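Asks: Hey, dropping model-v8.cif in here, mmCIF, N, CA and C atoms:
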data_target
#
loop_
_atom_site.label_atom_id
_atom_site.label_comp_id
_atom_site.auth_asym_id
_atom_site.auth_seq_id
_atom_site.Cartn_x
_atom_site.Cartn_y
_atom_site.Cartn_z
N MET A 1 76.98 63.54 67.86
CA MET A 1 76.82 62.76 66.65
C MET A 1 75.91 61.56 66.95
N GLN A 2 75.10 61.24 65.97
CA GLN A 2 74.16 60.13 66.07
C GLN A 2 74.91 58.80 66.11
N GLU A 3 74.38 57.84 66.83
CA GLU A 3 74.99 56.50 66.91
C GLU A 3 74.46 55.63 65.77
N PRO A 4 75.35 55.03 65.00
CA PRO A 4 74.89 54.14 63.93
C PRO A 4 74.23 52.87 64.48
N VAL A 5 73.34 52.30 63.71
CA VAL A 5 72.77 51.00 64.01
C VAL A 5 73.73 49.96 63.45
N TYR A 6 74.04 48.96 64.25
CA TYR A 6 74.97 47.92 63.84
C TYR A 6 74.26 46.57 63.82
N SER A 7 74.75 45.67 62.98
CA SER A 7 74.16 44.33 62.91
C SER A 7 74.74 43.39 63.96
N SER A 8 75.93 43.72 64.44
CA SER A 8 76.61 42.86 65.42
C SER A 8 77.75 43.65 66.05
N GLU A 9 78.35 43.05 67.06
CA GLU A 9 79.52 43.67 67.69
C GLU A 9 80.69 43.74 66.71
N GLU A 10 80.81 42.72 65.88
CA GLU A 10 81.88 42.72 64.88
C GLU A 10 81.68 43.86 63.88
N HIS A 11 80.46 44.05 63.44
CA HIS A 11 80.13 45.14 62.53
C HIS A 11 80.45 46.48 63.20
N LYS A 12 80.06 46.62 64.45
CA LYS A 12 80.33 47.85 65.20
C LYS A 12 81.82 48.13 65.26
N SER A 13 82.60 47.13 65.57
CA SER A 13 84.05 47.30 65.69
C SER A 13 84.67 47.74 64.36
N ILE A 14 84.25 47.11 63.28
CA ILE A 14 84.80 47.43 61.96
C ILE A 14 84.49 48.88 61.58
N ILE A 15 83.24 49.29 61.75
CA ILE A 15 82.82 50.65 61.38
C ILE A 15 83.44 51.69 62.30
N GLU A 16 83.46 51.43 63.59
CA GLU A 16 83.98 52.43 64.53
C GLU A 16 85.44 52.75 64.32
N ILE A 17 86.22 51.79 63.94
CA ILE A 17 87.64 52.05 63.67
C ILE A 17 87.78 53.05 62.52
N TYR A 18 87.08 52.79 61.43
CA TYR A 18 87.17 53.67 60.26
C TYR A 18 86.54 55.03 60.55
N LEU A 19 85.40 55.03 61.22
CA LEU A 19 84.72 56.28 61.54
C LEU A 19 85.57 57.15 62.46
N THR A 20 86.13 56.56 63.49
CA THR A 20 86.96 57.31 64.44
C THR A 20 88.19 57.91 63.75
N MET A 21 88.84 57.13 62.90
CA MET A 21 90.02 57.64 62.20
C MET A 21 89.64 58.80 61.28
N SER A 22 88.55 58.67 60.56
CA SER A 22 88.10 59.74 59.67
C SER A 22 87.78 61.01 60.45
N LEU A 23 87.08 60.86 61.55
CA LEU A 23 86.73 62.02 62.38
C LEU A 23 87.96 62.69 62.97
N ASN A 24 88.90 61.89 63.44
CA ASN A 24 90.12 62.46 64.02
C ASN A 24 90.93 63.22 62.98
N PHE A 25 91.09 62.64 61.80
CA PHE A 25 91.85 63.31 60.74
C PHE A 25 91.16 64.62 60.33
N ALA A 26 89.85 64.58 60.18
CA ALA A 26 89.11 65.79 59.79
C ALA A 26 89.23 66.87 60.84
N GLN A 27 89.16 66.49 62.09
CA GLN A 27 89.26 67.47 63.17
C GLN A 27 90.65 68.11 63.22
N GLU A 28 91.68 67.32 62.94
CA GLU A 28 93.05 67.82 63.01
C GLU A 28 93.35 68.89 61.96
N VAL A 29 92.70 68.83 60.81
CA VAL A 29 93.05 69.74 59.72
C VAL A 29 92.04 70.86 59.50
N SER A 30 91.06 70.98 60.39
CA SER A 30 90.01 71.99 60.16
C SER A 30 89.78 72.85 61.38
N THR A 31 89.01 73.89 61.14
CA THR A 31 88.58 74.74 62.25
C THR A 31 87.38 74.08 62.92
N LYS A 32 87.02 74.57 64.07
CA LYS A 32 85.88 74.01 64.80
C LYS A 32 84.59 74.16 63.99
N THR A 33 84.39 75.30 63.36
CA THR A 33 83.18 75.54 62.57
C THR A 33 83.10 74.58 61.39
N LYS A 34 84.20 74.44 60.66
CA LYS A 34 84.21 73.54 59.50
C LYS A 34 84.05 72.09 59.93
N TYR A 35 84.65 71.73 61.05
CA TYR A 35 84.51 70.37 61.57
C TYR A 35 83.06 70.10 61.95
N ASN A 36 82.40 71.06 62.56
CA ASN A 36 80.98 70.89 62.91
C ASN A 36 80.13 70.72 61.65
N ASN A 37 80.47 71.43 60.58
CA ASN A 37 79.77 71.25 59.30
C ASN A 37 80.00 69.83 58.76
N TYR A 38 81.21 69.35 58.89
CA TYR A 38 81.55 67.98 58.49
C TYR A 38 80.72 66.98 59.30
N LEU A 39 80.59 67.21 60.60
CA LEU A 39 79.80 66.32 61.45
C LEU A 39 78.33 66.28 61.02
N GLU A 40 77.82 67.40 60.54
CA GLU A 40 76.44 67.42 60.04
C GLU A 40 76.28 66.48 58.85
N VAL A 41 77.27 66.47 57.98
CA VAL A 41 77.23 65.57 56.83
C VAL A 41 77.32 64.11 57.30
N ILE A 42 78.19 63.86 58.25
CA ILE A 42 78.35 62.50 58.78
C ILE A 42 77.05 62.04 59.43
N ASN A 43 76.39 62.94 60.16
CA ASN A 43 75.10 62.60 60.76
C ASN A 43 74.06 62.24 59.70
N THR A 44 74.08 62.93 58.58
CA THR A 44 73.16 62.61 57.49
C THR A 44 73.43 61.21 56.95
N ILE A 45 74.70 60.86 56.81
CA ILE A 45 75.07 59.52 56.35
C ILE A 45 74.59 58.46 57.34
N ILE A 46 74.82 58.70 58.62
CA ILE A 46 74.42 57.74 59.64
C ILE A 46 72.89 57.63 59.70
N GLU A 47 72.21 58.74 59.58
CA GLU A 47 70.74 58.71 59.58
C GLU A 47 70.23 57.90 58.40
N TYR A 48 70.82 58.08 57.24
CA TYR A 48 70.43 57.31 56.06
C TYR A 48 70.66 55.82 56.31
N SER A 49 71.82 55.48 56.85
CA SER A 49 72.12 54.08 57.14
C SER A 49 71.13 53.51 58.15
N ASN A 50 70.84 54.28 59.19
CA ASN A 50 69.94 53.81 60.25
C ASN A 50 68.52 53.58 59.76
N THR A 51 68.10 54.32 58.74
CA THR A 51 66.72 54.19 58.25
C THR A 51 66.64 53.43 56.93
N TYR A 52 67.76 52.93 56.45
CA TYR A 52 67.79 52.22 55.17
C TYR A 52 66.84 51.02 55.22
N GLY A 53 66.07 50.87 54.18
CA GLY A 53 65.14 49.76 54.09
C GLY A 53 63.74 50.09 54.55
N SER A 54 63.58 51.26 55.17
CA SER A 54 62.24 51.62 55.65
C SER A 54 61.42 52.30 54.57
N GLY A 55 62.05 52.72 53.49
CA GLY A 55 61.34 53.35 52.38
C GLY A 55 60.71 52.31 51.47
N ALA A 56 59.64 52.68 50.83
CA ALA A 56 58.91 51.75 49.97
C ALA A 56 59.72 51.30 48.77
N LYS A 57 60.62 52.14 48.29
CA LYS A 57 61.38 51.82 47.07
C LYS A 57 62.76 51.25 47.38
N GLU A 58 63.11 51.10 48.63
CA GLU A 58 64.42 50.57 48.99
C GLU A 58 64.32 49.07 49.16
N ASN A 59 65.02 48.36 48.35
CA ASN A 59 65.02 46.91 48.47
C ASN A 59 66.43 46.37 48.25
N GLY A 60 67.38 46.99 48.90
CA GLY A 60 68.78 46.58 48.77
C GLY A 60 69.06 45.35 49.62
N THR A 61 70.26 44.88 49.51
CA THR A 61 70.68 43.69 50.24
C THR A 61 71.35 44.08 51.55
N PHE A 62 71.62 43.08 52.34
CA PHE A 62 72.34 43.27 53.61
C PHE A 62 73.70 43.93 53.36
N HIS A 63 74.40 43.48 52.34
CA HIS A 63 75.72 44.04 52.04
C HIS A 63 75.62 45.47 51.51
N ASP A 64 74.54 45.78 50.80
CA ASP A 64 74.33 47.18 50.39
C ASP A 64 74.26 48.07 51.63
N TRP A 65 73.50 47.62 52.62
CA TRP A 65 73.35 48.39 53.86
C TRP A 65 74.69 48.50 54.61
N LEU A 66 75.43 47.41 54.67
CA LEU A 66 76.72 47.43 55.37
C LEU A 66 77.67 48.47 54.79
N MET A 67 77.59 48.69 53.49
CA MET A 67 78.54 49.56 52.81
C MET A 67 78.13 51.04 52.80
N ILE A 68 76.95 51.36 53.27
CA ILE A 68 76.50 52.76 53.25
C ILE A 68 77.46 53.68 53.98
N ILE A 69 77.80 53.35 55.20
CA ILE A 69 78.66 54.25 55.99
C ILE A 69 80.07 54.34 55.40
N PRO A 70 80.77 53.23 55.15
CA PRO A 70 82.13 53.39 54.63
C PRO A 70 82.22 54.10 53.29
N VAL A 71 81.33 53.78 52.36
CA VAL A 71 81.41 54.40 51.03
C VAL A 71 81.10 55.89 51.12
N ASN A 72 80.01 56.22 51.78
CA ASN A 72 79.62 57.63 51.88
C ASN A 72 80.56 58.43 52.76
N LEU A 73 81.09 57.82 53.81
CA LEU A 73 82.06 58.50 54.66
C LEU A 73 83.35 58.79 53.88
N SER A 74 83.76 57.85 53.04
CA SER A 74 84.95 58.05 52.22
C SER A 74 84.76 59.22 51.26
N VAL A 75 83.63 59.25 50.58
CA VAL A 75 83.35 60.34 49.63
C VAL A 75 83.26 61.68 50.37
N ALA A 76 82.55 61.71 51.48
CA ALA A 76 82.39 62.96 52.25
C ALA A 76 83.73 63.47 52.76
N THR A 77 84.55 62.57 53.28
CA THR A 77 85.84 62.98 53.84
C THR A 77 86.79 63.45 52.75
N ASN A 78 86.81 62.77 51.63
CA ASN A 78 87.65 63.23 50.52
C ASN A 78 87.21 64.58 49.99
N GLY A 79 85.92 64.80 49.91
CA GLY A 79 85.40 66.10 49.49
C GLY A 79 85.75 67.19 50.50
N PHE A 80 85.62 66.84 51.77
CA PHE A 80 85.98 67.78 52.85
C PHE A 80 87.45 68.16 52.75
N PHE A 81 88.30 67.16 52.58
CA PHE A 81 89.74 67.42 52.45
C PHE A 81 90.05 68.27 51.22
N ALA A 82 89.37 68.01 50.13
CA ALA A 82 89.60 68.79 48.91
C ALA A 82 89.30 70.27 49.15
N GLY A 83 88.26 70.54 49.91
CA GLY A 83 87.90 71.92 50.20
C GLY A 83 88.84 72.61 51.18
N LEU A 84 89.55 71.82 51.97
CA LEU A 84 90.46 72.38 52.97
C LEU A 84 91.91 72.49 52.51
N GLU A 85 92.25 71.74 51.48
CA GLU A 85 93.66 71.65 51.09
C GLU A 85 94.23 72.98 50.62
N THR A 86 95.38 73.32 51.19
CA THR A 86 96.14 74.51 50.80
C THR A 86 97.59 74.09 50.58
N ARG A 87 98.38 75.02 50.14
CA ARG A 87 99.80 74.73 49.95
C ARG A 87 100.45 74.34 51.29
N ASN A 88 99.99 74.95 52.36
CA ASN A 88 100.60 74.70 53.67
C ASN A 88 100.23 73.34 54.27
N ASN A 89 99.04 72.83 53.98
CA ASN A 89 98.63 71.57 54.61
C ASN A 89 98.50 70.40 53.63
N ALA A 90 98.89 70.62 52.39
CA ALA A 90 98.70 69.60 51.35
C ALA A 90 99.36 68.27 51.69
N ALA A 91 100.55 68.29 52.24
CA ALA A 91 101.25 67.04 52.54
C ALA A 91 100.50 66.24 53.61
N VAL A 92 100.03 66.91 54.63
CA VAL A 92 99.30 66.23 55.70
C VAL A 92 97.98 65.67 55.17
N ILE A 93 97.24 66.47 54.44
CA ILE A 93 95.96 66.02 53.91
C ILE A 93 96.14 64.86 52.94
N ARG A 94 97.13 64.93 52.10
CA ARG A 94 97.37 63.83 51.16
C ARG A 94 97.76 62.55 51.89
N ALA A 95 98.54 62.67 52.94
CA ALA A 95 98.91 61.50 53.74
C ALA A 95 97.67 60.90 54.40
N TYR A 96 96.80 61.74 54.94
CA TYR A 96 95.56 61.26 55.56
C TYR A 96 94.69 60.56 54.52
N LYS A 97 94.62 61.11 53.32
CA LYS A 97 93.81 60.51 52.26
C LYS A 97 94.33 59.12 51.89
N VAL A 98 95.64 58.95 51.85
CA VAL A 98 96.22 57.65 51.53
C VAL A 98 95.86 56.64 52.62
N VAL A 99 96.02 57.04 53.87
CA VAL A 99 95.71 56.15 54.99
C VAL A 99 94.23 55.77 54.97
N LEU A 100 93.36 56.76 54.78
CA LEU A 100 91.93 56.48 54.77
C LEU A 100 91.52 55.63 53.58
N GLU A 101 92.18 55.79 52.44
CA GLU A 101 91.88 54.95 51.27
C GLU A 101 92.21 53.50 51.57
N GLN A 102 93.34 53.27 52.20
CA GLN A 102 93.71 51.91 52.57
C GLN A 102 92.72 51.35 53.59
N MET A 103 92.32 52.20 54.55
CA MET A 103 91.39 51.75 55.58
C MET A 103 90.01 51.44 55.02
N VAL A 104 89.53 52.22 54.06
CA VAL A 104 88.20 51.94 53.51
C VAL A 104 88.23 50.62 52.72
N GLN A 105 89.33 50.32 52.08
CA GLN A 105 89.46 49.03 51.38
C GLN A 105 89.43 47.87 52.38
N GLU A 106 90.18 48.02 53.47
CA GLU A 106 90.19 46.98 54.50
C GLU A 106 88.82 46.84 55.15
N THR A 107 88.17 47.97 55.39
CA THR A 107 86.83 47.96 55.99
C THR A 107 85.85 47.24 55.07
N ALA A 108 85.88 47.56 53.80
CA ALA A 108 84.98 46.92 52.83
C ALA A 108 85.23 45.41 52.78
N ASN A 109 86.47 45.01 52.77
CA ASN A 109 86.79 43.58 52.74
C ASN A 109 86.25 42.87 53.98
N LYS A 110 86.43 43.48 55.14
CA LYS A 110 85.92 42.88 56.38
C LYS A 110 84.40 42.82 56.38
N LEU A 111 83.75 43.86 55.86
CA LEU A 111 82.29 43.87 55.82
C LEU A 111 81.75 42.82 54.85
N TYR A 112 82.40 42.64 53.73
CA TYR A 112 81.96 41.62 52.78
C TYR A 112 82.08 40.22 53.37
N ASP A 113 83.01 40.05 54.31
CA ASP A 113 83.19 38.75 54.93
C ASP A 113 82.23 38.48 56.09
N LEU A 114 81.49 39.51 56.53
CA LEU A 114 80.51 39.30 57.61
C LEU A 114 79.44 38.33 57.13
N GLU A 115 79.07 37.43 58.01
CA GLU A 115 78.05 36.47 57.66
C GLU A 115 76.69 36.93 58.17
N ILE A 116 75.66 36.59 57.40
CA ILE A 116 74.30 36.86 57.82
C ILE A 116 73.89 35.73 58.75
N ILE A 117 73.64 36.07 60.01
CA ILE A 117 73.28 35.05 60.99
C ILE A 117 71.78 34.79 61.00
N ASN A 118 71.00 35.87 61.04
CA ASN A 118 69.54 35.77 61.02
C ASN A 118 69.04 36.49 59.81
N ASP A 119 68.55 35.79 58.84
CA ASP A 119 68.08 36.41 57.62
C ASP A 119 66.56 36.53 57.61
#
Translate this structure into structure tokens?

Replies:
Amino acid sequence: MQEPVYSSEEHKSIIEIYLTMSLNFAQEVSTKTKYNNYLEVINTIIEYSNTYGSGAKENGTFHDWLMIIPVNLSVATNGFFAGLETRNNAAVIRAYKVVLEQMVQETANKLYDLEIIND
């Protein structure tokens, strides 16, 4: 998996906690093939984040960039879980979704509180 670009060590710590938890939960409920497909999507999200702002039409803010990984990771993981959910694993997947929803809210709050040091 591609390494995200971070603005600081604090940013890295915040994102890695959420990213690691999402990856672990996805791996636990899927096959190796499906998990590898999930990783491809995650790589696309990270690539977009890493190159954000390099396009001529991209003129977002620092906070827009900070939120790319958590927002897109949340959507991708929820979609992945929706495709995997069966009667047998529904309780586990729903529990993971609740935990990840709480974590993405905490992650967003922490990211909004990050200060721009060099603008």

Asks: Fewer than 3 positions away in the same chain doesn't count, so skip those; otherwise give me all residues within 8 Å of Val29 of chain A, counting all atoms listed in the file, as a compact mmCIF listing (two decimals) with N, CA and C atoms, keeping the file's coordinate frame.

Replies:
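So the final result, stored in result_7.txt, reads:
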# COMPACT_ATOMS: atom_id res chain seq x y z
N ASN A 24 88.90 61.89 63.44
CA ASN A 24 90.12 62.46 64.02
C ASN A 24 90.93 63.22 62.98
N PHE A 25 91.09 62.64 61.80
CA PHE A 25 91.85 63.31 60.74
C PHE A 25 91.16 64.62 60.33
N ALA A 26 89.85 64.58 60.18
CA ALA A 26 89.11 65.79 59.79
C ALA A 26 89.23 66.87 60.84
N LYS A 32 87.02 74.57 64.07
CA LYS A 32 85.88 74.01 64.80
C LYS A 32 84.59 74.16 63.99
N TYR A 35 84.65 71.73 61.05
CA TYR A 35 84.51 70.37 61.57
C TYR A 35 83.06 70.10 61.95
N LEU A 84 89.55 71.82 51.97
CA LEU A 84 90.46 72.38 52.97
C LEU A 84 91.91 72.49 52.51
N ASN A 89 99.04 72.83 53.98
CA ASN A 89 98.63 71.57 54.61
C ASN A 89 98.50 70.40 53.63
N VAL A 92 100.03 66.91 54.63
CA VAL A 92 99.30 66.23 55.70
C VAL A 92 97.98 65.67 55.17
N ILE A 93 97.24 66.47 54.44
CA ILE A 93 95.96 66.02 53.91
C ILE A 93 96.14 64.86 52.94

Asks: Return as a list in words the set of residues that the PyMOL selection byres ((chain A and resi 101-110) around 7) yields on the displayed structure.

Replies: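 Matching residues under the PyMOL selection byres ((chain A and resi 101-110) around 7) are Ile14, Ile15, Tyr18, Met67, Pro70, Tyr96, Lys97, Val98, Val99, Leu100, Leu111, Tyr112, Asp113 and Leu114 of chain A.
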
Asks: Contacts of Val41 of chain A at 8 Å or less, counting all atoms listed in the file, minus same-chain residues fewer than 5 places along, as JSON, numbers by chain?

Replies: {"A": [35, 36, 46, 47, 72, 73, 76]}

Asks: Nearest to Gly53 of chain A: which of A:Tyr38, A:Trp65, A:Leu23, A:Glu3 is it, counting all atoms listed in the file?

Replies: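 For Gly53 of chain A, the nearest of the candidates is A:Trp65.
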
Asks: Mind giving me the straight-line distance from atom CA of Asn37 of chain A to atom C of Phe62 of chain A in Å, one decimal?

Replies: 28.6 Å

Asks: Between A:Asn50, A:Ala82, A:Thr61, A:Ala95, which one has atoms that come closest to Pro4 of chain A, using all atoms listed in the file?

Replies: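 Residue with the minimum atom-to-atom distance to Pro4 of chain A: A:Asn50.
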
Asks: Between atom CA of Asn78 of chain A and atom CA of Ser49 of chain A, what is the distance, to one decimal in Å?

Replies: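 Value for the atom CA of Asn78 of chain A-atom CA of Ser49 of chain A distance: 19.2 Å.
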
Asks: What is the distance, in Å and to one decimal place, between atom CA of Ser13 of chain A and atom CA of Val71 of chain A?

Replies: 16.5 Å

Asks: Could you check the closest approach to Leu66 of chain A for each of A:Ser30, A:Ser54, A:Ser22, A:Tyr48 and tell me which residue wins, using only C-alpha atoms?

Replies: A:Tyr48
